[in-house]
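One file, protein_38.pdb, carrying PDB, C-alpha atoms and all ligand atoms:
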ATOM      1  CA  MET J1228       0.991 -18.844  32.206
ATOM      2  CA  SER J1229      -2.693 -17.893  32.688
ATOM      3  CA  SER J1230      -5.123 -18.687  29.868
ATOM      4  CA  SER J1231      -5.504 -15.000  28.934
ATOM      5  CA  HIS J1232      -1.722 -14.634  28.650
ATOM      6  CA  CYS J1233      -1.659 -17.816  26.635
ATOM      7  CA  ASN J1234      -4.342 -16.481  24.262
ATOM      8  CA  THR J1235      -2.474 -13.214  23.851
ATOM      9  CA  ALA J1236       0.725 -15.106  23.014
ATOM     10  CA  PHE J1237      -1.127 -17.158  20.391
ATOM     11  CA  ILE J1238      -2.678 -14.045  18.838
ATOM     12  CA  ILE J1239       0.730 -12.305  18.651
ATOM     13  CA  LEU J1240       2.286 -15.423  17.102
ATOM     14  CA  PHE J1241      -0.571 -15.668  14.596
ATOM     15  CA  LEU J1242      -0.209 -11.968  13.636
ATOM     16  CA  LEU J1243       3.551 -12.386  13.241
ATOM     17  CA  ILE J1244       3.071 -15.370  10.933
ATOM     18  CA  LEU J1245       0.373 -13.482   9.006
ATOM     19  CA  SER J1246       2.519 -10.364   8.549
ATOM     20  CA  SER J1247       5.615 -12.303   7.564
ATOM     21  CA  SER J1248       3.673 -14.389   5.067
ATOM     22  CA  LYS J1249       2.778 -11.222   3.097
ATOM     23  CA  GLN J1250       6.425 -10.311   2.740
ATOM     24  CA  ALA J1251       8.878 -11.813   0.336
ATOM     25  CA  SER J1252      11.717 -14.070   1.394
ATOM     26  CA  SER J1253      15.263 -14.196   0.022
ATOM     27  CA  GLN J1254      14.281 -17.131  -2.198
ATOM     28  CA  ASP J1255      11.988 -14.863  -4.197
ATOM     29  CA  SER J1256      14.739 -12.566  -5.457
ATOM     30  CA  ILE J1257      14.728 -13.734  -9.095
ATOM     31  CA  ASP J1258      10.964 -13.207  -9.394
ATOM     32  CA  PHE J1259      11.422  -9.602  -8.336
ATOM     33  CA  GLU J1260      14.356  -8.722 -10.581
ATOM     34  CA  ASN J1261      13.456  -5.634 -12.627
ATOM     35  CA  LYS J1262      13.280  -7.468 -15.960
ATOM     36  CA  ASN J1263      11.169 -10.369 -14.673
ATOM     37  CA  PHE J1264       8.923  -8.160 -12.555
ATOM     38  CA  LEU J1265       8.256  -5.756 -15.444
ATOM     39  CA  ASN J1266       7.534  -8.721 -17.742
ATOM     40  CA  ARG J1267       4.895  -9.883 -15.285
ATOM     41  CA  LEU J1268       3.382  -6.392 -15.057
ATOM     42  CA  ASN J1269       3.229  -6.273 -18.854
ATOM     43  CA  ASN J1270       0.909  -9.281 -18.640
ATOM     44  CA  ASP J1271      -1.149  -7.840 -15.797
ATOM     45  CA  SER J1272      -4.390  -6.390 -17.197
ATOM     46  CA  SER J1273      -4.990  -3.993 -14.271
ATOM     47  CA  TYR J1274      -1.463  -2.552 -14.619
ATOM     48  CA  LEU J1275      -1.854  -2.193 -18.386
ATOM     49  CA  LYS J1276      -5.279  -0.580 -18.042
ATOM     50  CA  LEU J1277      -3.945   2.028 -15.608
ATOM     51  CA  LYS J1278      -0.859   2.594 -17.781
ATOM     52  CA  LYS J1279      -3.000   3.156 -20.871
ATOM     53  CA  LYS J1280      -5.199   5.641 -19.031
ATOM     54  CA  VAL J1281      -2.238   7.621 -17.667
ATOM     55  CA  VAL J1282      -0.270   7.555 -20.928
ATOM     56  CA  ASN J1283      -3.318   8.841 -22.829
ATOM     57  CA  GLU J1284      -3.522  11.776 -20.431
ATOM     58  CA  TYR J1285       0.156  12.695 -20.830
ATOM     59  CA  VAL J1286       0.873  11.776 -24.433
ATOM     60  CA  HIS J1287       0.325  15.374 -25.602
ATOM     61  CA  ALA J1288       1.041  17.085 -22.274
ATOM     62  CA  LYS J1289       3.715  19.740 -21.929
ATOM     63  CA  PRO J1290       6.544  18.629 -19.636
ATOM     64  CA  GLY J1291       6.658  21.994 -17.813
ATOM     65  CA  ARG J1292       9.815  23.029 -15.986
ATOM     66  CA  TRP J1293      12.686  20.599 -15.512
ATOM     67  CA  GLY J1294      14.616  20.768 -12.241
ATOM     68  CA  GLU J1295      14.913  19.751  -8.622
ATOM     69  CA  PHE J1296      12.428  22.325  -7.336
ATOM     70  CA  VAL J1297       9.564  22.472  -9.798
ATOM     71  CA  ASN J1298       5.815  22.662  -9.242
ATOM     72  CA  GLY J1299       4.373  19.558  -7.645
ATOM     73  CA  VAL J1300       7.574  18.613  -5.821
ATOM     74  CA  TYR J1301       7.773  18.778  -2.031
ATOM     75  CA  GLU J1302      10.924  19.940  -0.337
ATOM     76  CA  ASP J1303      10.543  20.055   3.419
ATOM     77  CA  LEU J1304       8.469  19.059   6.413
ATOM     78  CA  TYR J1305       5.516  21.271   7.266
ATOM     79  CA  THR J1306       6.705  22.366  10.694
ATOM     80  CA  ARG J1307       8.467  25.276  12.375
ATOM     81  CA  GLN J1308       9.680  23.046  15.157
ATOM     82  CA  LYS J1309      13.122  21.500  15.210
ATOM     83  CA  PHE J1310      12.277  18.305  13.351
ATOM     84  CA  ILE J1311      14.335  17.268  10.335
ATOM     85  CA  ALA J1312      14.356  14.248   8.051
ATOM     86  CA  PHE J1313      17.465  12.481   6.834
ATOM     87  CA  THR J1314      16.942  10.807   3.471
ATOM     88  CA  PHE J1315      19.416   8.382   1.933
ATOM     89  CA  ASP J1316      19.269   7.385  -1.729
ATOM     90  CA  ALA J1317      20.322   3.978  -3.038
ATOM     91  CA  CYS J1318      20.753   4.495  -6.778
ATOM     92  CA  GLY J1319      22.104   1.176  -8.038
ATOM     93  CA  GLY J1320      23.741   0.483 -11.384
ATOM     94  CA  GLU J1321      27.300  -0.241 -12.360
ATOM     95  CA  LYS J1322      28.797   2.617 -10.341
ATOM     96  CA  GLY J1323      26.117   2.857  -7.679
ATOM     97  CA  ASN J1324      25.616  -0.638  -6.328
ATOM     98  CA  GLY J1325      27.532  -0.334  -3.067
ATOM     99  CA  PHE J1326      26.113  -0.525   0.437
ATOM    100  CA  ASP J1327      27.302   1.631   3.334
ATOM    101  CA  GLN J1328      26.914  -0.853   6.180
ATOM    102  CA  GLU J1329      28.805   1.412   8.573
ATOM    103  CA  LEU J1330      26.284   4.205   7.979
ATOM    104  CA  ILE J1331      23.297   1.941   8.616
ATOM    105  CA  ASN J1332      24.960   0.480  11.733
ATOM    106  CA  PHE J1333      25.497   3.988  13.068
ATOM    107  CA  LEU J1334      21.881   5.046  12.441
ATOM    108  CA  LYS J1335      20.705   1.892  14.230
ATOM    109  CA  MET J1336      23.069   2.362  17.148
ATOM    110  CA  GLU J1337      21.953   5.985  17.564
ATOM    111  CA  LYS J1338      18.299   5.075  16.885
ATOM    112  CA  VAL J1339      18.025   7.730  14.185
ATOM    113  CA  PRO J1340      14.957   7.187  12.001
ATOM    114  CA  ALA J1341      15.552   7.755   8.294
ATOM    115  CA  THR J1342      13.845   7.574   4.926
ATOM    116  CA  LEU J1343      15.547   5.374   2.332
ATOM    117  CA  PHE J1344      14.856   6.054  -1.351
ATOM    118  CA  ILE J1345      15.650   2.785  -3.119
ATOM    119  CA  SER J1346      15.781   2.057  -6.843
ATOM    120  CA  GLY J1347      14.662  -1.244  -8.335
ATOM    121  CA  ARG J1348      18.124  -2.022  -9.611
ATOM    122  CA  TRP J1349      19.689  -1.494  -6.146
ATOM    123  CA  ILE J1350      17.119  -3.952  -4.765
ATOM    124  CA  ASP J1351      18.245  -6.454  -7.429
ATOM    125  CA  ALA J1352      21.861  -6.139  -6.263
ATOM    126  CA  HIS J1353      21.066  -6.342  -2.523
ATOM    127  CA  PHE J1354      17.857  -8.318  -2.129
ATOM    128  CA  SER J1355      18.448  -9.767   1.336
ATOM    129  CA  THR J1356      19.913  -6.479   2.634
ATOM    130  CA  PHE J1357      16.860  -4.695   1.254
ATOM    131  CA  LEU J1358      14.576  -7.159   3.053
ATOM    132  CA  ASN J1359      16.406  -6.527   6.324
ATOM    133  CA  LEU J1360      16.204  -2.744   5.906
ATOM    134  CA  SER J1361      12.490  -2.959   5.116
ATOM    135  CA  ARG J1362      11.846  -4.999   8.264
ATOM    136  CA  ASP J1363      13.501  -2.421  10.509
ATOM    137  CA  THR J1364      10.848   0.023  11.714
ATOM    138  CA  LEU J1365      13.518   2.698  12.133
ATOM    139  CA  PHE J1366      13.560   3.004   8.348
ATOM    140  CA  GLU J1367      10.911   4.028   5.872
ATOM    141  CA  ILE J1368      11.352   2.561   2.383
ATOM    142  CA  GLU J1369      10.453   4.881  -0.483
ATOM    143  CA  ASN J1370      10.689   4.882  -4.260
ATOM    144  CA  HIS J1371      13.800   5.973  -6.208
ATOM    145  CA  GLY J1372      12.592   4.642  -9.563
ATOM    146  CA  LEU J1373      12.754   1.231 -11.219
ATOM    147  CA  ASN J1374      15.890   1.847 -13.297
ATOM    148  CA  HIS J1375      17.163   5.075 -11.726
ATOM    149  CA  ARG J1376      16.234   7.241 -14.684
ATOM    150  CA  PRO J1377      15.393  10.919 -14.083
ATOM    151  CA  CYS J1378      11.657  11.300 -14.670
ATOM    152  CA  SER J1379      10.863  13.173 -17.871
ATOM    153  CA  ILE J1380       8.018  12.852 -20.374
ATOM    154  CA  ASP J1381      10.227  14.050 -23.242
ATOM    155  CA  GLY J1382      13.678  12.545 -22.731
ATOM    156  CA  GLU J1383      15.548  15.160 -20.656
ATOM    157  CA  SER J1384      18.907  14.129 -19.141
ATOM    158  CA  GLU J1385      20.862  15.234 -16.073
ATOM    159  CA  TYR J1386      24.485  14.636 -15.046
ATOM    160  CA  GLY J1387      24.774  12.467 -18.174
ATOM    161  CA  ILE J1388      21.982  10.133 -17.056
ATOM    162  CA  HIS J1389      19.252   9.689 -19.661
ATOM    163  CA  GLY J1390      15.800  10.360 -18.332
ATOM    164  CA  THR J1391      12.674   8.492 -19.332
ATOM    165  CA  SER J1392      11.744   9.300 -22.948
ATOM    166  CA  ASN J1393       7.983   9.511 -22.702
ATOM    167  CA  ALA J1394       4.960   9.098 -20.428
ATOM    168  CA  ALA J1395       4.939   5.296 -20.796
ATOM    169  CA  GLU J1396       8.525   5.010 -19.549
ATOM    170  CA  ALA J1397       7.867   7.575 -16.816
ATOM    171  CA  PHE J1398       4.875   5.499 -15.675
ATOM    172  CA  ASP J1399       6.955   2.305 -15.463
ATOM    173  CA  GLU J1400       9.799   4.100 -13.682
ATOM    174  CA  ILE J1401       7.466   5.251 -10.900
ATOM    175  CA  GLU J1402       4.634   2.717 -10.747
ATOM    176  CA  ALA J1403       6.565  -0.493 -11.442
ATOM    177  CA  ASN J1404       9.040   0.259  -8.649
ATOM    178  CA  ALA J1405       6.197   1.213  -6.288
ATOM    179  CA  ARG J1406       4.575  -2.161  -7.032
ATOM    180  CA  LYS J1407       7.879  -3.982  -6.713
ATOM    181  CA  ILE J1408       8.516  -2.472  -3.264
ATOM    182  CA  GLU J1409       4.939  -3.228  -2.230
ATOM    183  CA  ALA J1410       5.170  -6.817  -3.502
ATOM    184  CA  ILE J1411       8.343  -7.389  -1.484
ATOM    185  CA  THR J1412       7.540  -5.460   1.711
ATOM    186  CA  ALA J1413       3.710  -5.445   1.780
ATOM    187  CA  LEU J1414       3.843  -1.634   1.996
ATOM    188  CA  ARG J1415       3.278   0.702  -0.957
ATOM    189  CA  PRO J1416       5.669   3.673  -0.983
ATOM    190  CA  HIS J1417       4.169   7.132  -0.355
ATOM    191  CA  PHE J1418       7.006   9.148  -1.850
ATOM    192  CA  TYR J1419       9.116   9.197  -4.996
ATOM    193  CA  ARG J1420      12.454  10.899  -5.559
ATOM    194  CA  SER J1421      13.437  10.958  -9.196
ATOM    195  CA  ALA J1422      16.973   9.789 -10.014
ATOM    196  CA  THR J1423      19.308  12.839  -9.644
ATOM    197  CA  ALA J1424      16.260  14.581  -8.037
ATOM    198  CA  PHE J1425      15.621  16.264 -11.417
ATOM    199  CA  ILE J1426      12.052  15.841 -12.639
ATOM    200  CA  ASP J1427       9.623  17.639 -14.912
ATOM    201  CA  GLU J1428       6.318  19.052 -13.714
ATOM    202  CA  ALA J1429       4.299  16.553 -15.751
ATOM    203  CA  CYS J1430       6.047  13.641 -13.990
ATOM    204  CA  ALA J1431       5.332  15.206 -10.590
ATOM    205  CA  ARG J1432       1.630  15.374 -11.539
ATOM    206  CA  LEU J1433       1.733  11.843 -12.927
ATOM    207  CA  ALA J1434       3.174  10.558  -9.634
ATOM    208  CA  HIS J1435       0.471  12.441  -7.714
ATOM    209  CA  GLU J1436      -2.210  10.696  -9.801
ATOM    210  CA  LEU J1437      -0.704   7.388  -8.708
ATOM    211  CA  GLY J1438      -1.049   8.444  -5.065
ATOM    212  CA  ILE J1439       2.681   9.146  -4.769
ATOM    213  CA  THR J1440       4.240  12.474  -3.730
ATOM    214  CA  ALA J1441       7.351  13.631  -5.582
ATOM    215  CA  VAL J1442      10.021  14.722  -3.117
ATOM    216  CA  SER J1443      13.185  16.721  -3.546
ATOM    217  CA  PHE J1444      15.241  18.115  -0.642
ATOM    218  CA  GLN J1445      16.066  21.323   1.160
ATOM    219  CA  VAL J1446      19.604  20.629   2.356
ATOM    220  CA  LEU J1447      22.119  19.219  -0.115
ATOM    221  CA  SER J1448      24.761  17.426   1.938
ATOM    222  CA  GLY J1449      27.059  17.277  -1.081
ATOM    223  CA  ASP J1450      28.226  13.754  -0.206
ATOM    224  CA  ALA J1451      28.016  12.934  -3.937
ATOM    225  CA  LEU J1452      30.445  15.668  -5.009
ATOM    226  CA  PRO J1453      33.754  14.153  -6.136
ATOM    227  CA  ASN J1454      36.039  13.533  -3.148
ATOM    228  CA  ALA J1455      33.903  15.681  -0.835
ATOM    229  CA  PRO J1456      35.781  15.776   2.485
ATOM    230  CA  VAL J1457      33.995  15.147   5.780
ATOM    231  CA  SER J1458      34.367  18.809   6.769
ATOM    232  CA  VAL J1459      32.563  20.037   3.631
ATOM    233  CA  ILE J1460      29.608  17.670   4.075
ATOM    234  CA  GLU J1461      29.449  18.626   7.747
ATOM    235  CA  GLU J1462      29.455  22.337   6.919
ATOM    236  CA  ASN J1463      26.867  21.965   4.136
ATOM    237  CA  VAL J1464      24.430  20.371   6.565
ATOM    238  CA  LEU J1465      25.113  22.394   9.718
ATOM    239  CA  LYS J1466      25.134  25.790   7.962
ATOM    240  CA  ASN J1467      21.936  25.177   6.037
ATOM    241  CA  ILE J1468      19.881  23.208   8.519
ATOM    242  CA  ARG J1469      16.577  24.687   9.654
ATOM    243  CA  PRO J1470      13.343  23.405  11.150
ATOM    244  CA  GLY J1471      11.559  21.033   8.765
ATOM    245  CA  ALA J1472      14.551  20.447   6.492
ATOM    246  CA  ILE J1473      14.816  17.336   4.341
ATOM    247  CA  VAL J1474      18.508  16.433   4.032
ATOM    248  CA  ILE J1475      19.709  14.389   1.044
ATOM    249  CA  MET J1476      22.552  11.876   1.377
ATOM    250  CA  HIS J1477      23.389   8.423  -0.028
ATOM    251  CA  LEU J1478      23.688   4.900   1.353
ATOM    252  CA  ASN J1479      25.157   3.253  -1.736
ATOM    253  CA  HIS J1480      28.705   4.619  -1.679
ATOM    254  CA  PRO J1481      30.692   3.324   1.307
ATOM    255  CA  GLU J1482      33.802   4.897  -0.294
ATOM    256  CA  TRP J1483      32.282   8.380   0.087
ATOM    257  CA  ASN J1484      32.451  10.263   3.401
ATOM    258  CA  THR J1485      28.732  10.028   4.190
ATOM    259  CA  SER J1486      29.092   7.822   7.249
ATOM    260  CA  GLU J1487      32.095   9.694   8.671
ATOM    261  CA  ALA J1488      30.274  13.010   8.178
ATOM    262  CA  ILE J1489      27.026  11.913   9.792
ATOM    263  CA  GLN J1490      28.898  10.708  12.857
ATOM    264  CA  LYS J1491      30.108  14.304  13.279
ATOM    265  CA  ILE J1492      26.855  15.983  12.262
ATOM    266  CA  LEU J1493      24.433  14.090  14.515
ATOM    267  CA  PRO J1494      25.834  15.123  17.895
ATOM    268  CA  GLU J1495      25.997  18.748  16.693
ATOM    269  CA  LEU J1496      22.378  18.683  15.559
ATOM    270  CA  ARG J1497      21.328  17.193  18.881
ATOM    271  CA  ILE J1498      23.108  20.013  20.732
ATOM    272  CA  MET J1499      21.230  22.465  18.473
ATOM    273  CA  GLY J1500      17.988  20.821  19.672
ATOM    274  CA  TYR J1501      16.989  18.938  16.523
ATOM    275  CA  HIS J1502      14.954  15.729  16.457
ATOM    276  CA  PHE J1503      14.940  13.259  13.588
ATOM    277  CA  VAL J1504      11.877  11.881  11.818
ATOM    278  CA  ARG J1505      10.880   9.999   8.679
ATOM    279  CA  LEU J1506       8.950  11.709   5.876
ATOM    280  CA  LYS J1507       5.790   9.764   6.613
ATOM    281  CA  ASP J1508       5.756  11.168  10.165
ATOM    282  CA  PHE J1509       4.905  14.690   8.884
ATOM    283  CA  LYS J1510       2.971  16.564   6.255
ATOM    284  CA  LEU J1511       5.269  17.960   3.584
ATOM    285  CA  ALA J1512       5.566  21.487   2.199
ATOM    286  CA  ASN J1513       6.798  22.919  -1.089
ATOM    287  CA  ARG J1514       9.431  25.665  -1.349
ATOM    288  CA  LYS J1515       6.803  28.317  -0.677
ATOM    289  CA  GLY J1516       6.078  26.612   2.622
ATOM    290  CA  GLN J1517       2.649  25.461   1.418
ATOM    291  CA  LEU J1518       1.082  22.101   2.108
TER     292      LEU J1518
HETATM  293 ZN    ZN J1601      19.993   8.283  -7.090
END
Output the file's structure in the form of structure tokens.
Amino acid sequence: MSSSHCNTAFIILFLLILSSSKQASSQDSIDFENKNFLNRLNNDSSYLKLKKKVVNEYVHAKPGRWGEFVNGVYEDLYTRQKFIAFTFDACGGEKGNGFDQELINFLKMEKVPATLFISGRWIDAHFSTFLNLSRDTLFEIENHGLNHRPCSIDGESEYGIHGTSNAAEAFDEIEANARKIEAITALRPHFYRSATAFIDEACARLAHELGITAVSFQVLSGDALPNAPVSVIEENVLKNIRPGAIVIMHLNHPEWNTSEAIQKILPELRIMGYHFVRLKDFKLANRKGQL
């Protein structure tokens, strides 16, 4: 090996060590558990200062509209070309702590980039899997809330899931999980999808103030509907797909038909001329098609 090759090898090795040292290892999992991590943040003066500032701004604010497609929420990619983004939520909790390994294996085998919205409690249940997903450049890790509570500043609920009760809880739901993901992966999330995708307009603004864009979806795959057969998920996606669409699916329910459906959908979309990207690869647009 020539000396210049040797130097290059050393520099690459050094950068690898440097980058890996910023990331967490499996041994750190207890430190990052929601309860312990939030306890640490509650003793972190910079976190508390920011929280106080934001809560003061929103303590008397009106929540605005409540829904999946409200002001301040982005729904598709800003493009007329045949690019689409698959997004997969990992919700966590008693009934949502599964992991669809077959789905992830398929995406890897087909080299399909995807955006993964992960909640803090799913990370707690799958710490080493989460680390592996975050280290795969095919995937972009984004924020699905610390405790998977729909984001509300006045206690709205959806599908029987209680939302955050006030601005302080909304702040923790968004910012604590953003910091948790950043602490583990060395990358701060750019996007936030509220649990259930329902959110109020105040929360969307609050996220924006934290440098985070609230994201909904344009194509509902329907994989979460009870006993949704493969054919229904396939039809929901293929009939509604259009350039720039953000498609919502899940990676935390291996018993659902998500993986089986995507194995049918992908070849069809390729024949239709679609290419697959992550959210961070494009600018996003709201329902009116505006940036
Ligand atoms: Zn969810």
On this structure, the PyMOL selection byres (((not hetatm)) within 10 of (chain J and resi 1601)) would catch which residues? List them as a count of residues only, sorted by chain and number. 27
As JSON, what would the box around segment 1306-1311 of chain J look like: edges along x, y and z, 3 Å added on every side, centre and edge lengths in Å to one decimal?
{"center_x": 10.5, "center_y": 21.3, "center_z": 12.8, "size_x": 13.6, "size_y": 14.0, "size_z": 10.9}
Selection result for the PyMOL selection byres (((chain J and resi 1262) around 12) and not hetatm) on this file, as a PyMOL selection string: chain J and resi 1256-1261+1263-1269+1347-1348+1351+1373-1374+1399+1403-1404+1407
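Distances from J:Ile1311, J:Ala1251, J:Tyr1285, J:Leu1365 to Met1336 of chain J were compared using only C-alpha atoms, and the smallest one belongs to J:Leu1365.
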Nearest to Pro1290 of chain J among J:Ala1397, J:Asp1381, J:Asn1484, J:Asn1463, with distances taken over only C-alpha atoms: which residue is it?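 Counting only C-alpha atoms, the residue closest to Pro1290 of chain J is J:Asp1381.
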Spell out the residues picked by the PyMOL selection byres (((chain J and resi 1328) around 10) and not hetatm) here, as JSON, numbers by chain. {"J": [1325, 1326, 1327, 1329, 1330, 1331, 1332, 1333, 1334, 1356, 1478, 1479, 1480, 1481, 1486]}
Between J:Ala1472, J:Leu1277, J:Ala1405, J:Ala1413, which residue has the minimum interatomic distance to Phe1503 of chain J, considering all atoms listed in the file?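 The answer is J:Ala1472, which sits nearest to Phe1503 of chain J.
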